[in-house]
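Everything below concerns the one structure shown next.
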Amino acid sequence: MTALKSDFMQTMTERGFVHQCSDLEGLDARFASGPVTGYIGFDATAKSLHVGSLMQIMALRWMQKTGHRPIALMGGGTTRIGDPSFKDEARKLLTDEQIDDNLAGIRRVFDRYLAFGDGPTGAIMTNNALWLNELRYIDFLRDVGRHFSVNRMLSFDSVKLRLDREQSLSFLEFNYMILQAYDFVELHQRHGCILQMGGSDQWGNIINGVDLGHRMLDAQFYALTTPLLTTASGQKMGKTAAGAVWLNADMLSPYEFWQYWRNTEDADVGRFLKLFTELPLAEIERLAALGGAEINDAKKVLATEVTALAHGRAAAEEAAETARKTFEEGALADALPTTEVPAAELSAGIGVLALFVRAGLVASNGEARRQVKGGGLRVNDAAVTDERATLGPSDLVDGVIKLSLGRKKHVLVRPARGP
RNA sequence: GGAGGGGUGCCCGAGUGGUUAAAGGGGACGGACUGUAAAUCCGUUGGCUUAGCCUACGUUGGUUCGAAUCCAACCCCCUCCA
């Protein structure tokens, strides 16, 4: 491979961000010759982004760090349609209120990773609802639609799954890729954007935008995709028992976020350090080379660094300390997730099962019962054997009752002063 | 509009009148082993006031002592025809 000239492309390549690129050398040359504006689109399908988007966020961050201008494009318009790429069935349509709500949450995530501003490398956040909602149908078809071949659109892998499974692909969804392509053109005209990045599942959509730039504006656009991230054992990233690993603290606490990274598989440590932290490569190599139980130190560094980016250094260190106390000393760390129970209720006695449900460790009494049978529940580190047991003030240790599910999940129950 | 096929638990998928809360697999969770890892093995996997009761096989009715299984209407999806 030819040596890359630009810091950005060099970094992306050696840290493992690059999956496919429409023109690696051409893009590298553009990055080497001055500030480049590039964007990534984010759908507003949830109130926060999760680790599945973290690689894209880091890519934007690196752009800014290496002297370029990143654009985070909110899909306020396209989310009203729903991206069919590689989906086996249509997504439920969200209402406009839900979308606006989601956008507000996502915005807070980006504030932590990008510096927004007007300077040449100031990040921009915009929303494609700005132009998509105003489109006039016939004009749009004539200006943009004529550049698309249905034959070609049907040939994309991203829609193959749907067609092969004989699931309906509605005309609404089919338009998604056209609108995404058009976003690229708009961003070029508004901000001089010439690059779109995204996950590998976005390749088809992105390349459509590159083509459209050619045809409508005779402009040279570039596409760069990141690999689909799976763990070494082949699982999709970002799922835990509780659901997705969110980047917003109000949806997943920094402590739980830290725990997620702490439990990384051995084989993934090096890869994740490169993608999700900004530690120098030499340091990463050293950490990833640790063998046996020592690799746990590398995992702690990983967890703390990633958490520091998402929630701030202080929160990351607190999470690390909480974990240290809990797991290494077996001590009570009072920063563990906490559930409050009115003191009066506690005095009256609460059933163990109910309390575990209250704490959110299990979904129902039934599940709690099953866990008791399997030996998975503990109160103050003693296994629960009697599902009918009740807990009261006498179970408080240092003012709290510690509930555990398995060896890793702990919640503290605190009596709350009654009214 | 016509003809045919189909809609089952988190997902895939069996089941065509009765021990069917529904085989099997995947995923997930717990246990053992470890290093808060992986692999492996074991268990669990609708809810509840759990020897019982309730809810569940697209929806709503019907037949029957008894239905996911039979009938009718409706909704949705697929294929072919117009």
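By convention here, the chains of the structure tokens are called A, B, ... in the order presented, each chain's residues are numbered starting at 1, and ligands are numbered starting at 1 in the order presented.
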
Each chain B residue no farther than 9 Å from chain A, nearest pair in Å, only C-alpha atoms (C1' of nucleotides), as JSON lines:
```
{"residue": "B:A28", "atom": "C1'", "partner": "A:Ala241", "partner_atom": "CA", "distance": 7.2}
{"residue": "B:C29", "atom": "C1'", "partner": "A:Ala241", "partner_atom": "CA", "distance": 7.6}
{"residue": "B:G30", "atom": "C1'", "partner": "A:Gly376", "partner_atom": "CA", "distance": 5.3}
{"residue": "B:G31", "atom": "C1'", "partner": "A:Gly374", "partner_atom": "CA", "distance": 6.3}
{"residue": "B:G35", "atom": "C1'", "partner": "A:Ala293", "partner_atom": "CA", "distance": 4.7}
{"residue": "B:U36", "atom": "C1'", "partner": "A:Lys408", "partner_atom": "CA", "distance": 6.4}
{"residue": "B:A37", "atom": "C1'", "partner": "A:Glu265", "partner_atom": "CA", "distance": 5.0}
{"residue": "B:A38", "atom": "C1'", "partner": "A:Glu265", "partner_atom": "CA", "distance": 6.7}
{"residue": "B:G43", "atom": "C1'", "partner": "A:Gly374", "partner_atom": "CA", "distance": 6.8}
{"residue": "B:U44", "atom": "C1'", "partner": "A:Arg370", "partner_atom": "CA", "distance": 6.7}
{"residue": "B:U45", "atom": "C1'", "partner": "A:Glu367", "partner_atom": "CA", "distance": 8.9}
{"residue": "B:G47", "atom": "C1'", "partner": "A:Gly366", "partner_atom": "CA", "distance": 7.5}
{"residue": "B:C48", "atom": "C1'", "partner": "A:Gly366", "partner_atom": "CA", "distance": 8.3}
{"residue": "B:C77", "atom": "C1'", "partner": "A:Gln167", "partner_atom": "CA", "distance": 7.0}
{"residue": "B:C78", "atom": "C1'", "partner": "A:Glu166", "partner_atom": "CA", "distance": 6.0}
```

Open item on the list: Please identify the strand (DSSP E or B) residues within region 108-340 of chain A (assignment by DSSP from backbone atoms) and present them as a list of chain:residue names.
Closed with: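 These are the residues in question: A:Phe116, A:Ala123, A:Ile124, A:Met125, A:Thr126, A:Asn127, A:Leu195, A:Gln196, A:Met197, A:Gly198, A:Gly199, A:Tyr222, A:Ala223, A:Leu224, A:Thr225, A:Thr226, A:Thr230, A:Lys236, A:Lys239, A:Thr240, A:Gly243, A:Ala244, A:Trp246, A:Thr338, A:Thr339, A:Glu340.
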
Residues flagged helix (DSSP H, G or I) by DSSP in region 242-414 of chain A, as a CSV table (one decimal) with N, CA, C and O atoms, in the first residue's frame:
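Written file, part00.csv:
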```
chain,number,residue,atom,x,y,z
A,254,PRO,N,-22.5,6.0,34.2
A,254,PRO,CA,-21.1,5.9,33.9
A,254,PRO,C,-20.5,4.6,34.5
A,254,PRO,O,-19.6,4.0,33.8
A,255,TYR,N,-21.0,4.2,35.6
A,255,TYR,CA,-20.5,3.0,36.2
A,255,TYR,C,-20.8,1.8,35.4
A,255,TYR,O,-19.9,1.0,35.1
A,256,GLU,N,-22.0,1.7,34.9
A,256,GLU,CA,-22.4,0.6,34.1
A,256,GLU,C,-21.7,0.6,32.7
A,256,GLU,O,-21.4,-0.4,32.1
A,257,PHE,N,-21.5,1.8,32.2
A,257,PHE,CA,-20.8,2.0,31.0
A,257,PHE,C,-19.4,1.5,31.2
A,257,PHE,O,-18.9,0.8,30.3
A,258,TRP,N,-18.8,1.9,32.2
A,258,TRP,CA,-17.4,1.5,32.5
A,258,TRP,C,-17.3,-0.1,32.6
A,258,TRP,O,-16.5,-0.7,32.0
A,259,GLN,N,-18.3,-0.6,33.3
A,259,GLN,CA,-18.4,-2.1,33.4
A,259,GLN,C,-18.5,-2.8,32.0
A,259,GLN,O,-17.9,-3.8,31.8
A,260,TYR,N,-19.2,-2.2,31.1
A,260,TYR,CA,-19.3,-2.8,29.8
A,260,TYR,C,-18.0,-2.9,29.2
A,260,TYR,O,-17.6,-4.0,28.6
A,261,TRP,N,-17.2,-1.9,29.2
A,261,TRP,CA,-15.8,-2.0,28.6
A,261,TRP,C,-14.9,-2.8,29.4
A,261,TRP,O,-14.0,-3.5,28.8
A,262,ARG,N,-15.1,-2.9,30.7
A,262,ARG,CA,-14.2,-3.7,31.5
A,262,ARG,C,-14.4,-5.2,31.2
A,262,ARG,O,-13.5,-6.0,31.3
A,266,ASP,N,-10.8,-10.7,25.9
A,266,ASP,CA,-9.3,-10.5,25.7
A,266,ASP,C,-8.9,-10.1,24.3
A,266,ASP,O,-8.1,-9.2,24.1
A,267,ALA,N,-9.5,-10.9,23.4
A,267,ALA,CA,-9.0,-10.7,22.0
A,267,ALA,C,-9.4,-9.4,21.4
A,267,ALA,O,-8.9,-9.0,20.3
A,268,ASP,N,-10.3,-8.6,22.0
A,268,ASP,CA,-10.8,-7.4,21.5
A,268,ASP,C,-10.0,-6.2,22.1
A,268,ASP,O,-10.2,-5.0,21.6
A,269,VAL,N,-9.3,-6.4,23.1
A,269,VAL,CA,-8.7,-5.2,23.8
A,269,VAL,C,-7.9,-4.3,23.0
A,269,VAL,O,-8.2,-3.1,23.0
A,270,GLY,N,-7.0,-4.8,22.2
A,270,GLY,CA,-6.2,-4.0,21.4
A,270,GLY,C,-7.0,-3.2,20.3
A,270,GLY,O,-6.8,-2.0,20.2
A,271,ARG,N,-7.9,-3.9,19.7
A,271,ARG,CA,-8.7,-3.3,18.7
A,271,ARG,C,-9.5,-2.2,19.2
A,271,ARG,O,-9.7,-1.1,18.7
A,272,PHE,N,-10.1,-2.4,20.4
A,272,PHE,CA,-11.0,-1.4,21.0
A,272,PHE,C,-10.2,-0.2,21.5
A,272,PHE,O,-10.7,0.9,21.4
A,273,LEU,N,-9.0,-0.5,22.0
A,273,LEU,CA,-8.2,0.6,22.5
A,273,LEU,C,-7.9,1.6,21.3
A,273,LEU,O,-7.9,2.8,21.4
A,274,LYS,N,-7.6,1.0,20.2
A,274,LYS,CA,-7.3,1.8,19.0
A,274,LYS,C,-8.5,2.6,18.5
A,274,LYS,O,-8.4,3.7,18.1
A,275,LEU,N,-9.6,2.0,18.5
A,275,LEU,CA,-10.8,2.6,18.0
A,275,LEU,C,-11.5,3.6,19.0
A,275,LEU,O,-11.9,4.7,18.6
A,276,PHE,N,-11.5,3.2,20.2
A,276,PHE,CA,-12.3,4.0,21.1
A,276,PHE,C,-11.6,4.9,22.2
A,276,PHE,O,-12.2,5.5,23.0
A,281,LEU,N,-0.4,4.8,19.9
A,281,LEU,CA,-0.4,3.4,19.5
A,281,LEU,C,0.7,2.6,20.2
A,281,LEU,O,0.4,1.4,20.5
A,282,ALA,N,1.8,3.2,20.5
A,282,ALA,CA,2.8,2.5,21.2
A,282,ALA,C,2.3,2.0,22.6
A,282,ALA,O,2.5,0.8,22.9
A,283,GLU,N,1.6,2.8,23.3
A,283,GLU,CA,1.1,2.5,24.6
A,283,GLU,C,0.0,1.4,24.4
A,283,GLU,O,0.0,0.4,25.2
A,284,ILE,N,-0.8,1.5,23.4
A,284,ILE,CA,-1.8,0.5,23.1
A,284,ILE,C,-1.2,-0.9,22.8
A,284,ILE,O,-1.6,-1.9,23.4
A,285,GLU,N,-0.1,-0.9,22.1
A,285,GLU,CA,0.6,-2.1,21.8
A,285,GLU,C,1.1,-2.8,23.0
A,285,GLU,O,0.9,-4.0,23.2
A,286,ARG,N,1.6,-2.0,23.9
A,286,ARG,CA,2.1,-2.5,25.2
A,286,ARG,C,1.0,-3.2,26.0
A,286,ARG,O,1.1,-4.3,26.4
A,287,LEU,N,-0.1,-2.4,26.1
A,287,LEU,CA,-1.3,-2.9,26.8
A,287,LEU,C,-1.9,-4.2,26.3
A,287,LEU,O,-2.2,-5.2,27.0
A,288,ALA,N,-2.0,-4.2,24.9
A,288,ALA,CA,-2.6,-5.3,24.3
A,288,ALA,C,-1.8,-6.6,24.4
A,288,ALA,O,-2.2,-7.7,24.2
A,292,GLY,N,-2.4,-13.4,29.9
A,292,GLY,CA,-3.0,-14.0,31.1
A,292,GLY,C,-3.9,-12.9,31.8
A,292,GLY,O,-4.5,-12.1,31.3
A,293,ALA,N,-3.8,-13.0,33.2
A,293,ALA,CA,-4.6,-12.2,34.0
A,293,ALA,C,-4.2,-10.7,33.9
A,293,ALA,O,-5.0,-9.8,34.2
A,294,GLU,N,-3.0,-10.5,33.4
A,294,GLU,CA,-2.5,-9.1,33.3
A,294,GLU,C,-3.3,-8.3,32.3
A,294,GLU,O,-3.3,-7.0,32.4
A,295,ILE,N,-3.9,-8.9,31.4
A,295,ILE,CA,-4.7,-8.2,30.4
A,295,ILE,C,-5.8,-7.4,31.1
A,295,ILE,O,-6.4,-6.5,30.5
A,296,ASN,N,-6.2,-7.9,32.3
A,296,ASN,CA,-7.2,-7.1,33.0
A,296,ASN,C,-6.8,-5.7,33.2
A,296,ASN,O,-7.7,-4.8,33.3
A,297,ASP,N,-5.5,-5.4,33.4
A,297,ASP,CA,-5.1,-4.0,33.6
A,297,ASP,C,-5.4,-3.2,32.3
A,297,ASP,O,-5.8,-2.1,32.4
A,298,ALA,N,-5.2,-3.9,31.2
A,298,ALA,CA,-5.4,-3.2,29.9
A,298,ALA,C,-6.9,-2.9,29.8
A,298,ALA,O,-7.4,-1.8,29.3
A,299,LYS,N,-7.8,-3.8,30.3
A,299,LYS,CA,-9.2,-3.6,30.2
A,299,LYS,C,-9.6,-2.4,31.1
A,299,LYS,O,-10.6,-1.7,30.7
A,300,LYS,N,-9.0,-2.3,32.2
A,300,LYS,CA,-9.3,-1.2,33.1
A,300,LYS,C,-9.0,0.1,32.4
A,300,LYS,O,-9.7,1.1,32.5
A,301,VAL,N,-7.8,0.2,31.8
A,301,VAL,CA,-7.4,1.4,31.1
A,301,VAL,C,-8.4,1.7,30.0
A,301,VAL,O,-8.9,2.8,29.8
A,302,LEU,N,-8.8,0.6,29.2
A,302,LEU,CA,-9.8,0.8,28.2
A,302,LEU,C,-11.1,1.4,28.7
A,302,LEU,O,-11.6,2.4,28.2
A,303,ALA,N,-11.6,0.8,29.8
A,303,ALA,CA,-12.8,1.2,30.4
A,303,ALA,C,-12.7,2.7,30.8
A,303,ALA,O,-13.6,3.5,30.6
A,304,THR,N,-11.6,3.0,31.5
A,304,THR,CA,-11.5,4.4,32.1
A,304,THR,C,-11.4,5.4,30.9
A,304,THR,O,-12.0,6.5,31.0
A,305,GLU,N,-10.6,5.1,29.9
A,305,GLU,CA,-10.4,6.0,28.8
A,305,GLU,C,-11.7,6.3,28.0
A,305,GLU,O,-12.0,7.4,27.7
A,306,VAL,N,-12.4,5.2,27.7
A,306,VAL,CA,-13.6,5.3,27.0
A,306,VAL,C,-14.7,6.1,27.8
A,306,VAL,O,-15.4,7.0,27.3
A,307,THR,N,-14.7,5.8,29.1
A,307,THR,CA,-15.7,6.4,29.9
A,307,THR,C,-15.4,7.9,30.1
A,307,THR,O,-16.2,8.8,30.1
A,308,ALA,N,-14.1,8.2,30.1
A,308,ALA,CA,-13.6,9.6,30.3
A,308,ALA,C,-14.1,10.4,29.1
A,308,ALA,O,-14.5,11.6,29.2
A,309,LEU,N,-14.0,9.8,27.9
A,309,LEU,CA,-14.5,10.6,26.7
A,309,LEU,C,-16.0,10.8,26.8
A,309,LEU,O,-16.5,11.9,26.4
A,310,ALA,N,-16.7,9.8,27.2
A,310,ALA,CA,-18.2,9.9,27.2
A,310,ALA,C,-18.8,10.6,28.3
A,310,ALA,O,-19.8,11.3,28.2
A,311,HIS,N,-18.2,10.5,29.5
A,311,HIS,CA,-18.8,11.1,30.7
A,311,HIS,C,-17.8,12.0,31.5
A,311,HIS,O,-18.2,12.5,32.5
A,313,ARG,N,-13.6,12.8,32.8
A,313,ARG,CA,-12.5,12.1,33.5
A,313,ARG,C,-12.9,11.7,34.9
A,313,ARG,O,-12.7,10.6,35.4
A,314,ALA,N,-13.6,12.7,35.6
A,314,ALA,CA,-13.9,12.5,37.0
A,314,ALA,C,-14.9,11.3,37.2
A,314,ALA,O,-14.7,10.4,38.0
A,315,ALA,N,-15.9,11.3,36.3
A,315,ALA,CA,-16.9,10.2,36.4
A,315,ALA,C,-16.2,8.9,36.1
A,315,ALA,O,-16.6,7.8,36.7
A,316,ALA,N,-15.3,8.9,35.2
A,316,ALA,CA,-14.6,7.6,34.8
A,316,ALA,C,-13.8,7.1,36.0
A,316,ALA,O,-13.8,5.9,36.3
A,317,GLU,N,-13.1,8.0,36.7
A,317,GLU,CA,-12.3,7.6,37.8
A,317,GLU,C,-13.2,7.1,38.9
A,317,GLU,O,-12.8,6.2,39.6
A,318,GLU,N,-14.3,7.8,39.1
A,318,GLU,CA,-15.2,7.3,40.2
A,318,GLU,C,-15.7,5.9,39.9
A,318,GLU,O,-15.8,5.0,40.7
A,319,ALA,N,-16.0,5.7,38.6
A,319,ALA,CA,-16.5,4.3,38.2
A,319,ALA,C,-15.4,3.3,38.4
A,319,ALA,O,-15.7,2.2,38.9
A,320,ALA,N,-14.2,3.6,38.1
A,320,ALA,CA,-13.1,2.7,38.2
A,320,ALA,C,-12.9,2.4,39.7
A,320,ALA,O,-12.7,1.2,40.1
A,321,GLU,N,-13.0,3.4,40.6
A,321,GLU,CA,-12.9,3.2,42.0
A,321,GLU,C,-14.0,2.4,42.6
A,321,GLU,O,-13.7,1.5,43.4
A,322,THR,N,-15.2,2.6,42.1
A,322,THR,CA,-16.3,1.8,42.6
A,322,THR,C,-16.1,0.4,42.2
A,322,THR,O,-16.3,-0.5,43.1
A,323,ALA,N,-15.7,0.1,41.0
A,323,ALA,CA,-15.4,-1.2,40.6
A,323,ALA,C,-14.3,-1.9,41.4
A,323,ALA,O,-14.4,-3.0,41.8
A,324,ARG,N,-13.3,-1.1,41.7
A,324,ARG,CA,-12.1,-1.7,42.4
A,324,ARG,C,-12.6,-2.1,43.8
A,324,ARG,O,-12.3,-3.2,44.2
A,325,LYS,N,-13.3,-1.2,44.5
A,325,LYS,CA,-13.8,-1.6,45.8
A,325,LYS,C,-14.7,-2.8,45.8
A,325,LYS,O,-14.6,-3.7,46.6
A,326,THR,N,-15.6,-2.8,44.8
A,326,THR,CA,-16.6,-3.9,44.7
A,326,THR,C,-16.0,-5.2,44.4
A,326,THR,O,-16.3,-6.2,45.0
A,327,PHE,N,-15.1,-5.2,43.4
A,327,PHE,CA,-14.6,-6.5,42.9
A,327,PHE,C,-13.3,-6.9,43.5
A,327,PHE,O,-13.1,-8.1,43.6
A,328,GLU,N,-12.5,-6.0,43.8
A,328,GLU,CA,-11.2,-6.4,44.2
A,328,GLU,C,-11.1,-6.4,45.7
A,328,GLU,O,-10.3,-7.2,46.3
A,329,GLU,N,-11.8,-5.6,46.4
A,329,GLU,CA,-11.8,-5.6,47.9
A,329,GLU,C,-13.0,-6.3,48.5
A,329,GLU,O,-13.1,-6.7,49.6
A,343,ALA,N,-38.5,4.4,54.1
A,343,ALA,CA,-38.1,3.7,55.4
A,343,ALA,C,-39.3,3.0,56.0
A,343,ALA,O,-39.1,1.9,56.5
A,344,ALA,N,-40.5,3.6,55.9
A,344,ALA,CA,-41.6,3.0,56.5
A,344,ALA,C,-41.9,1.6,55.9
A,344,ALA,O,-42.2,0.6,56.6
A,345,GLU,N,-41.8,1.6,54.6
A,345,GLU,CA,-42.0,0.3,53.9
A,345,GLU,C,-41.0,-0.8,54.3
A,345,GLU,O,-41.3,-1.9,54.4
A,346,LEU,N,-39.8,-0.3,54.5
A,346,LEU,CA,-38.7,-1.2,54.9
A,346,LEU,C,-39.0,-1.8,56.3
A,346,LEU,O,-38.9,-3.0,56.5
A,347,SER,N,-39.5,-0.9,57.1
A,347,SER,CA,-39.8,-1.3,58.5
A,347,SER,C,-40.8,-2.4,58.5
A,347,SER,O,-40.8,-3.3,59.3
A,348,ALA,N,-41.8,-2.3,57.6
A,348,ALA,CA,-42.9,-3.2,57.5
A,348,ALA,C,-42.4,-4.6,56.9
A,348,ALA,O,-43.1,-5.6,57.1
A,352,VAL,N,-38.2,-10.5,49.4
A,352,VAL,CA,-36.9,-10.5,48.7
A,352,VAL,C,-37.2,-10.3,47.2
A,352,VAL,O,-36.5,-9.5,46.5
A,353,LEU,N,-38.1,-11.1,46.7
A,353,LEU,CA,-38.4,-11.1,45.2
A,353,LEU,C,-38.8,-9.7,44.8
A,353,LEU,O,-38.2,-9.2,43.8
A,354,ALA,N,-39.7,-9.1,45.5
A,354,ALA,CA,-40.2,-7.8,45.2
A,354,ALA,C,-39.1,-6.8,45.2
A,354,ALA,O,-39.0,-5.9,44.3
A,355,LEU,N,-38.2,-6.9,46.1
A,355,LEU,CA,-37.1,-6.0,46.3
A,355,LEU,C,-36.1,-6.1,45.1
A,355,LEU,O,-35.7,-5.1,44.6
A,356,PHE,N,-35.9,-7.3,44.6
A,356,PHE,CA,-35.0,-7.4,43.4
A,356,PHE,C,-35.7,-6.8,42.2
A,356,PHE,O,-35.0,-6.3,41.3
A,357,VAL,N,-37.0,-7.0,42.1
A,357,VAL,CA,-37.7,-6.4,41.0
A,357,VAL,C,-37.6,-4.8,41.1
A,357,VAL,O,-37.3,-4.2,40.1
A,358,ARG,N,-37.8,-4.3,42.3
A,358,ARG,CA,-37.7,-2.9,42.5
A,358,ARG,C,-36.4,-2.3,42.1
A,358,ARG,O,-36.2,-1.3,41.5
A,365,ASN,N,-41.3,-11.0,39.4
A,365,ASN,CA,-41.1,-12.0,40.5
A,365,ASN,C,-40.8,-13.4,40.0
A,365,ASN,O,-40.0,-14.1,40.6
A,366,GLY,N,-41.4,-13.7,38.9
A,366,GLY,CA,-41.1,-15.0,38.3
A,366,GLY,C,-39.7,-15.2,38.0
A,366,GLY,O,-39.1,-16.3,38.3
A,367,GLU,N,-39.1,-14.2,37.4
A,367,GLU,CA,-37.7,-14.3,37.0
A,367,GLU,C,-36.8,-14.4,38.3
A,367,GLU,O,-35.9,-15.1,38.4
A,368,ALA,N,-37.3,-13.6,39.3
A,368,ALA,CA,-36.5,-13.6,40.6
A,368,ALA,C,-36.6,-15.0,41.1
A,368,ALA,O,-35.5,-15.6,41.6
A,369,ARG,N,-37.7,-15.7,41.1
A,369,ARG,CA,-37.8,-17.1,41.6
A,369,ARG,C,-36.9,-18.0,40.9
A,369,ARG,O,-36.2,-18.8,41.5
A,370,ARG,N,-36.9,-17.9,39.6
A,370,ARG,CA,-36.0,-18.7,38.8
A,370,ARG,C,-34.5,-18.5,39.2
A,370,ARG,O,-33.7,-19.4,39.3
A,371,GLN,N,-34.2,-17.2,39.4
A,371,GLN,CA,-32.8,-16.9,39.8
A,371,GLN,C,-32.5,-17.5,41.2
A,371,GLN,O,-31.4,-17.9,41.4
A,372,VAL,N,-33.5,-17.5,42.0
A,372,VAL,CA,-33.2,-18.1,43.4
A,372,VAL,C,-32.9,-19.6,43.2
A,372,VAL,O,-32.0,-20.1,43.8
A,373,LYS,N,-33.7,-20.2,42.4
A,373,LYS,CA,-33.5,-21.7,42.1
A,373,LYS,C,-32.1,-21.9,41.6
A,373,LYS,O,-31.4,-22.9,41.9
A,393,PRO,N,-35.3,-3.6,58.3
A,393,PRO,CA,-34.2,-2.7,58.8
A,393,PRO,C,-33.0,-3.5,59.4
A,393,PRO,O,-31.9,-3.1,59.3
A,394,SER,N,-33.3,-4.7,59.9
A,394,SER,CA,-32.2,-5.5,60.4
A,394,SER,C,-31.2,-6.0,59.4
A,394,SER,O,-30.1,-6.5,59.7
A,395,ASP,N,-31.6,-5.9,58.1
A,395,ASP,CA,-30.7,-6.3,57.1
A,395,ASP,C,-29.8,-5.2,56.6
A,395,ASP,O,-28.9,-5.4,55.7
```

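Reported to one decimal place, the separation of CA of Asn128 (chain A) from CA of Ile81 (chain A) is 12.3 Å.
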
Open item on the list: Can you tell me which residues surround region 21-23 of chain B at a distance of at most 12 Å, considering only C-alpha atoms (C1' of nucleotides), apart from same-chain residues fewer than 5 positions away, and format the answer as a count of residues only?
Closed with: 14
